[in-house]
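Student: Have a peek at structure_12.cif (mmCIF, C-alpha atoms).
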```cif
data_coords
loop_
_atom_site.label_atom_id
_atom_site.label_comp_id
_atom_site.auth_asym_id
_atom_site.auth_seq_id
_atom_site.Cartn_x
_atom_site.Cartn_y
_atom_site.Cartn_z
CA MET X 167 -14.59 10.72 -3.36
CA THR X 168 -11.10 9.79 -2.17
CA ALA X 169 -8.47 12.54 -2.30
CA ARG X 170 -4.93 11.55 -3.31
CA ARG X 171 -1.86 13.24 -1.93
CA PHE X 172 1.56 12.43 -3.34
CA VAL X 173 4.32 12.18 -0.75
CA ALA X 174 8.10 11.83 -1.04
CA ASP X 175 8.41 8.78 1.21
CA LEU X 176 6.42 5.94 2.75
CA PRO X 177 7.78 2.92 4.65
CA ASP X 178 8.61 -0.15 2.55
CA LEU X 179 6.72 -3.23 3.63
CA ILE X 180 7.97 -5.32 0.68
CA GLN X 181 11.68 -6.09 0.95
CA PRO X 182 14.11 -7.11 -1.86
CA GLU X 183 14.17 -10.74 -0.71
CA ASP X 184 10.38 -10.89 -1.07
CA TYR X 185 10.68 -10.69 -4.86
CA ALA X 186 12.77 -13.88 -5.05
CA ALA X 187 10.43 -15.64 -2.62
CA ASP X 188 7.35 -14.74 -4.70
CA PRO X 189 8.26 -14.89 -8.41
CA ARG X 190 4.59 -14.50 -9.42
CA GLY X 191 4.54 -11.11 -7.68
CA ARG X 192 1.40 -11.74 -5.66
CA ARG X 193 2.67 -10.48 -2.31
CA LEU X 194 0.74 -7.69 -0.61
CA ARG X 195 1.49 -6.45 2.89
CA LEU X 196 -0.63 -4.25 5.14
CA ARG X 197 0.03 -2.53 8.43
CA ILE X 198 -3.09 -1.38 10.26
CA ARG X 199 -2.99 0.81 13.34
CA ALA X 200 -5.21 3.09 15.32
CA SER X 201 -4.12 6.70 15.64
CA ALA X 202 -5.59 9.88 17.09
CA ASP X 203 -7.04 10.58 13.61
CA GLY X 204 -8.66 7.16 13.20
CA VAL X 205 -7.48 3.96 11.53
CA GLU X 206 -4.36 4.13 9.37
CA VAL X 207 -3.74 1.48 6.71
CA LEU X 208 -0.29 1.30 5.13
CA GLY X 209 -0.05 -0.98 2.12
CA ASP X 210 2.72 -2.18 -0.15
CA ALA X 211 2.34 -4.58 -3.05
CA MET X 212 4.34 -6.05 -5.89
CA GLN X 213 1.35 -5.45 -8.17
CA VAL X 214 -0.18 -2.09 -7.39
CA GLN X 215 -3.58 -2.87 -8.92
CA GLU X 216 -4.39 -5.33 -6.11
CA LEU X 217 -3.57 -2.74 -3.46
CA GLU X 218 -5.58 -0.09 -5.32
CA ARG X 219 -8.60 -2.41 -5.45
CA LEU X 220 -8.41 -3.12 -1.73
CA LEU X 221 -8.05 0.55 -0.80
CA ALA X 222 -10.98 1.51 -3.02
CA GLU X 223 -13.19 -0.95 -1.12
CA LEU X 224 -12.24 0.75 2.15
CA SER X 225 -13.43 4.14 0.81
CA PRO X 226 -10.84 6.27 2.63
CA GLU X 227 -11.09 10.05 2.75
CA GLU X 228 -7.48 10.39 1.59
CA ILE X 229 -4.73 8.18 0.16
CA GLU X 230 -1.09 9.14 0.47
CA GLN X 231 0.82 7.76 -2.48
CA MET X 232 4.42 7.71 -3.70
CA LEU X 233 5.49 7.89 -7.30
CA CYS X 234 7.78 4.91 -7.86
CA GLY X 235 10.05 4.39 -10.77
#
```
So that I can check it, write out the structure of this file as C-alpha coordinates.
Tutor:
Amino acid sequence: MTARRFVADLPDLIQPEDYAADPRGRRLRLRIRASADGVEVLGDAMQVQELERLLAELSPEEIEQMLCG
(Lines of atoms letter the chains of each structure in order from A and count residues from 1; the text may use other names and numbers.)
(Lines give C-alpha, C1' and ligand atoms only; values in the text may rest on other atoms or scores of the structure.)
Protein backbone atom coordinates (compact mmCIF):
# COMPACT_ATOMS: atom_id res chain seq x y z
CA MET A 1 0.00 0.00 0.00
CA THR A 2 1.29 3.46 -0.88
CA ALA A 3 1.84 5.86 2.02
CA ARG A 4 0.96 9.53 1.47
CA ARG A 5 2.85 12.35 3.09
CA PHE A 6 1.60 15.91 2.78
CA VAL A 7 4.32 18.51 2.27
CA ALA A 8 4.27 22.31 2.23
CA ASP A 9 5.98 22.72 -1.13
CA LEU A 10 6.86 20.87 -4.33
CA PRO A 11 8.31 22.35 -7.53
CA ASP A 12 5.80 23.56 -10.13
CA LEU A 13 6.18 21.87 -13.47
CA ILE A 14 3.03 23.47 -14.92
CA GLN A 15 3.45 27.21 -15.46
CA PRO A 16 0.71 29.89 -15.80
CA GLU A 17 1.22 30.17 -19.56
CA ASP A 18 0.55 26.44 -19.92
CA TYR A 19 -3.11 26.97 -19.03
CA ALA A 20 -3.68 29.32 -21.98
CA ALA A 21 -1.78 26.97 -24.30
CA ASP A 22 -3.92 23.98 -23.26
CA PRO A 23 -7.52 25.14 -22.69
CA ARG A 24 -8.73 21.53 -22.38
CA GLY A 25 -6.45 21.09 -19.37
CA ARG A 26 -4.82 17.88 -20.55
CA ARG A 27 -1.21 18.81 -19.82
CA LEU A 28 0.78 16.56 -17.51
CA ARG A 29 4.49 16.97 -16.86
CA LEU A 30 6.90 14.54 -15.24
CA ARG A 31 10.48 14.83 -14.08
CA ILE A 32 12.22 11.51 -13.49
CA ARG A 33 15.63 11.24 -11.88
CA ALA A 34 17.79 8.71 -10.15
CA SER A 35 18.81 9.48 -6.57
CA ALA A 36 20.65 7.66 -3.81
CA ASP A 37 17.25 6.39 -2.61
CA GLY A 38 16.13 5.08 -6.01
CA VAL A 39 14.04 6.63 -8.77
CA GLU A 40 12.20 9.86 -8.01
CA VAL A 41 9.17 10.88 -10.10
CA LEU A 42 7.87 14.42 -9.76
CA GLY A 43 4.55 15.04 -11.45
CA ASP A 44 2.32 18.05 -12.05
CA ALA A 45 -0.96 18.06 -13.92
CA MET A 46 -3.84 20.35 -14.72
CA GLN A 47 -6.22 17.48 -13.94
CA VAL A 48 -4.99 15.63 -10.88
CA GLN A 49 -6.91 12.42 -11.61
CA GLU A 50 -4.63 11.63 -14.57
CA LEU A 51 -1.51 12.06 -12.45
CA GLU A 52 -3.05 9.97 -9.65
CA ARG A 53 -3.82 7.17 -12.12
CA LEU A 54 -0.26 7.16 -13.45
CA LEU A 55 1.30 7.16 -9.99
CA ALA A 56 -0.95 4.31 -8.86
CA GLU A 57 0.32 2.19 -11.76
CA LEU A 58 3.90 2.78 -10.60
CA SER A 59 3.07 1.41 -7.12
CA PRO A 60 5.43 3.69 -5.17
CA GLU A 61 6.17 3.12 -1.50
CA GLU A 62 5.37 6.77 -0.71
CA ILE A 63 3.81 9.77 -2.45
CA GLU A 64 4.57 13.30 -1.31
CA GLN A 65 1.59 15.50 -2.01
CA MET A 66 0.66 19.17 -1.60
CA LEU A 67 -2.76 20.46 -0.70
CA CYS A 68 -3.63 23.01 -3.37
CA GLY A 69 -6.40 25.50 -3.22
Student: Counting only C-alpha atoms, which residue out of X:Glu227, X:Leu233, X:Arg170, X:Arg192 sits closest to Gly204 of chain X?
Tutor: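 So, comparing all the options, the nearest one is X:Glu227.
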Student: Mind telling me what the PyMOL selection byres ((chain X and resi 178-183) around 8) catches here, as a PyMOL selection string?
Tutor: chain X and resi 176-177+184-187+193-196+209-212
Student: Go ahead and write the selection's residues with C-alpha atoms as a CSV table (one decimal), in the coordinates of the input.
Tutor:
```
chain,number,residue,atom,x,y,z
X,176,LEU,CA,6.4,5.9,2.8
X,177,PRO,CA,7.8,2.9,4.6
X,184,ASP,CA,10.4,-10.9,-1.1
X,185,TYR,CA,10.7,-10.7,-4.9
X,186,ALA,CA,12.8,-13.9,-5.0
X,187,ALA,CA,10.4,-15.6,-2.6
X,193,ARG,CA,2.7,-10.5,-2.3
X,194,LEU,CA,0.7,-7.7,-0.6
X,195,ARG,CA,1.5,-6.4,2.9
X,196,LEU,CA,-0.6,-4.2,5.1
X,209,GLY,CA,0.0,-1.0,2.1
X,210,ASP,CA,2.7,-2.2,-0.2
X,211,ALA,CA,2.3,-4.6,-3.0
X,212,MET,CA,4.3,-6.0,-5.9
```
Student: May I have the residues within 8 Å of Ile198 of chain X as a ChimeraX atom specification, using all atoms listed in the file and disregarding those fewer than 4 positions away in the same chain?
Tutor: /X:205-208
Student: Kindly give the distance, in Å, that separates atom CA of Met167 of chain X and atom CA of Ala202 of chain X, rounded to a single decimal.
Tutor: 22.4 Å
Student: So which residues fall inside 10 Å of (6.1, 13.6, 1.6) if we count all atoms listed in the file? Mind giving them as a PDB file with C-alpha atoms, in the frame of the given file?
Tutor:
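Contents of the output file point.pdb:
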```pdb
ATOM      1  CA  ARG X 171      -1.860  13.240  -1.930  1.00  0.00           C
ATOM      2  CA  PHE X 172       1.560  12.430  -3.340  1.00  0.00           C
ATOM      3  CA  VAL X 173       4.320  12.180  -0.750  1.00  0.00           C
ATOM      4  CA  ALA X 174       8.100  11.830  -1.040  1.00  0.00           C
ATOM      5  CA  ASP X 175       8.410   8.780   1.210  1.00  0.00           C
ATOM      6  CA  LEU X 176       6.420   5.940   2.750  1.00  0.00           C
ATOM      7  CA  GLU X 230      -1.090   9.140   0.470  1.00  0.00           C
ATOM      8  CA  GLN X 231       0.820   7.760  -2.480  1.00  0.00           C
ATOM      9  CA  MET X 232       4.420   7.710  -3.700  1.00  0.00           C
TER      10      MET X 232
END
```
Student: Quick one: 5 Å padding each side, axis-aligned, all listed atoms of segment 203-219 of chain X - centre and edge lengths in Å to one decimal, as lines of an AutoDock Vina configuration file?
Tutor:
```
center_x = -2.2
center_y = 2.3
center_z = 2.3
size_x = 23.0
size_y = 26.6
size_z = 32.5
```
Student: In Å to one decimal, how far is atom CA of Asp203 of chain X from atom CA of Arg219 of chain X?
Tutor: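 Spanning atom CA of Arg219 of chain X to atom CA of Asp203 of chain X is a straight-line distance of 23.1 Å.
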Student: Using all atoms listed in the file, which of X:Arg199, X:Thr168, X:Arg190, X:Val214 sits nearest Cys234 of chain X?
Tutor: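 Closest residue, counting all atoms listed in the file: X:Val214.
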Student: To one decimal place, how far is atom CA of Ala200 of chain X from atom CA of Asp188 of chain X in Å?
Tutor: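 Separation of atom CA of Ala200 of chain X and atom CA of Asp188 of chain X: 29.6 Å.
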Student: Could you model all heavy atoms for segment 218-229 of chain X and present them as an mmCIF file, in the coordinates of the input?
Tutor:
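The resulting part.cif:
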```
data_model
loop_
_atom_site.group_PDB
_atom_site.id
_atom_site.type_symbol
_atom_site.label_atom_id
_atom_site.label_comp_id
_atom_site.auth_asym_id
_atom_site.auth_seq_id
_atom_site.Cartn_x
_atom_site.Cartn_y
_atom_site.Cartn_z
ATOM 1 N N GLU X 218 -4.612 -1.123 -4.934
ATOM 2 C CA GLU X 218 -5.580 -0.090 -5.320
ATOM 3 C C GLU X 218 -7.014 -0.593 -5.159
ATOM 4 O O GLU X 218 -7.881 0.120 -4.666
ATOM 5 C CB GLU X 218 -5.341 0.355 -6.768
ATOM 6 C CG GLU X 218 -4.041 1.075 -6.997
ATOM 7 C CD GLU X 218 -4.089 2.512 -6.553
ATOM 8 O OE1 GLU X 218 -5.188 3.072 -6.407
ATOM 9 O OE2 GLU X 218 -3.013 3.091 -6.358
ATOM 10 N N ARG X 219 -7.264 -1.829 -5.571
ATOM 11 C CA ARG X 219 -8.600 -2.410 -5.450
ATOM 12 C C ARG X 219 -9.024 -2.509 -3.990
ATOM 13 O O ARG X 219 -10.136 -2.130 -3.620
ATOM 14 C CB ARG X 219 -8.631 -3.798 -6.107
ATOM 15 C CG ARG X 219 -10.000 -4.456 -6.076
ATOM 16 C CD ARG X 219 -9.959 -5.898 -6.533
ATOM 17 N NE ARG X 219 -9.041 -6.726 -5.762
ATOM 18 C CZ ARG X 219 -9.271 -7.177 -4.525
ATOM 19 N NH1 ARG X 219 -10.381 -6.847 -3.900
ATOM 20 N NH2 ARG X 219 -8.389 -7.941 -3.910
ATOM 21 N N LEU X 220 -8.120 -2.987 -3.152
ATOM 22 C CA LEU X 220 -8.410 -3.120 -1.730
ATOM 23 C C LEU X 220 -8.685 -1.758 -1.085
ATOM 24 O O LEU X 220 -9.666 -1.592 -0.355
ATOM 25 C CB LEU X 220 -7.257 -3.808 -1.016
ATOM 26 C CG LEU X 220 -7.385 -3.945 0.488
ATOM 27 C CD1 LEU X 220 -8.570 -4.822 0.854
ATOM 28 C CD2 LEU X 220 -6.113 -4.498 1.079
ATOM 29 N N LEU X 221 -7.852 -0.783 -1.378
ATOM 30 C CA LEU X 221 -8.050 0.550 -0.800
ATOM 31 C C LEU X 221 -9.362 1.173 -1.266
ATOM 32 O O LEU X 221 -10.042 1.837 -0.491
ATOM 33 C CB LEU X 221 -6.864 1.450 -1.128
ATOM 34 C CG LEU X 221 -5.546 1.085 -0.451
ATOM 35 C CD1 LEU X 221 -4.421 1.984 -0.950
ATOM 36 C CD2 LEU X 221 -5.650 1.138 1.060
ATOM 37 N N ALA X 222 -9.721 0.958 -2.512
ATOM 38 C CA ALA X 222 -10.980 1.510 -3.020
ATOM 39 C C ALA X 222 -12.171 0.939 -2.259
ATOM 40 O O ALA X 222 -13.144 1.649 -1.977
ATOM 41 C CB ALA X 222 -11.113 1.223 -4.508
ATOM 42 N N GLU X 223 -12.101 -0.331 -1.885
ATOM 43 C CA GLU X 223 -13.190 -0.950 -1.120
ATOM 44 C C GLU X 223 -13.314 -0.363 0.279
ATOM 45 O O GLU X 223 -14.396 -0.366 0.859
ATOM 46 C CB GLU X 223 -12.977 -2.458 -1.045
ATOM 47 C CG GLU X 223 -13.212 -3.157 -2.366
ATOM 48 C CD GLU X 223 -13.056 -4.656 -2.278
ATOM 49 O OE1 GLU X 223 -13.255 -5.224 -1.184
ATOM 50 O OE2 GLU X 223 -12.742 -5.263 -3.312
ATOM 51 N N LEU X 224 -12.216 0.147 0.825
ATOM 52 C CA LEU X 224 -12.240 0.750 2.150
ATOM 53 C C LEU X 224 -12.809 2.172 2.142
ATOM 54 O O LEU X 224 -13.157 2.708 3.186
ATOM 55 C CB LEU X 224 -10.832 0.772 2.752
ATOM 56 C CG LEU X 224 -10.207 -0.596 3.018
ATOM 57 C CD1 LEU X 224 -8.754 -0.434 3.449
ATOM 58 C CD2 LEU X 224 -11.002 -1.365 4.054
ATOM 59 N N SER X 225 -12.896 2.783 0.983
ATOM 60 C CA SER X 225 -13.430 4.140 0.810
ATOM 61 C C SER X 225 -12.792 5.161 1.751
ATOM 62 O O SER X 225 -13.498 5.870 2.483
ATOM 63 C CB SER X 225 -14.949 4.146 0.990
ATOM 64 O OG SER X 225 -15.565 3.286 0.077
ATOM 65 N N PRO X 226 -11.470 5.300 1.732
ATOM 66 C CA PRO X 226 -10.840 6.270 2.630
ATOM 67 C C PRO X 226 -11.099 7.705 2.163
ATOM 68 O O PRO X 226 -11.395 7.950 0.996
ATOM 69 C CB PRO X 226 -9.352 5.933 2.509
ATOM 70 C CG PRO X 226 -9.218 5.386 1.127
ATOM 71 C CD PRO X 226 -10.491 4.623 0.887
ATOM 72 N N GLU X 227 -10.967 8.626 3.100
ATOM 73 C CA GLU X 227 -11.090 10.050 2.750
ATOM 74 C C GLU X 227 -9.897 10.498 1.927
ATOM 75 O O GLU X 227 -10.032 11.330 1.031
ATOM 76 C CB GLU X 227 -11.188 10.892 4.012
ATOM 77 C CG GLU X 227 -12.470 10.709 4.781
ATOM 78 C CD GLU X 227 -12.511 11.553 6.038
ATOM 79 O OE1 GLU X 227 -11.728 12.510 6.159
ATOM 80 O OE2 GLU X 227 -13.342 11.245 6.907
ATOM 81 N N GLU X 228 -8.704 9.973 2.273
ATOM 82 C CA GLU X 228 -7.480 10.390 1.590
ATOM 83 C C GLU X 228 -6.530 9.196 1.476
ATOM 84 O O GLU X 228 -6.463 8.360 2.370
ATOM 85 C CB GLU X 228 -6.788 11.502 2.366
ATOM 86 C CG GLU X 228 -5.495 11.983 1.726
ATOM 87 C CD GLU X 228 -4.815 13.075 2.522
ATOM 88 O OE1 GLU X 228 -4.281 12.784 3.597
ATOM 89 O OE2 GLU X 228 -4.848 14.215 2.048
ATOM 90 N N ILE X 229 -5.792 9.150 0.359
ATOM 91 C CA ILE X 229 -4.730 8.180 0.160
ATOM 92 C C ILE X 229 -3.444 8.924 -0.074
ATOM 93 O O ILE X 229 -3.374 9.784 -0.958
ATOM 94 C CB ILE X 229 -5.023 7.243 -1.042
ATOM 95 C CG1 ILE X 229 -6.236 6.375 -0.758
ATOM 96 C CG2 ILE X 229 -3.800 6.369 -1.357
ATOM 97 C CD1 ILE X 229 -6.641 5.492 -1.928
#
```
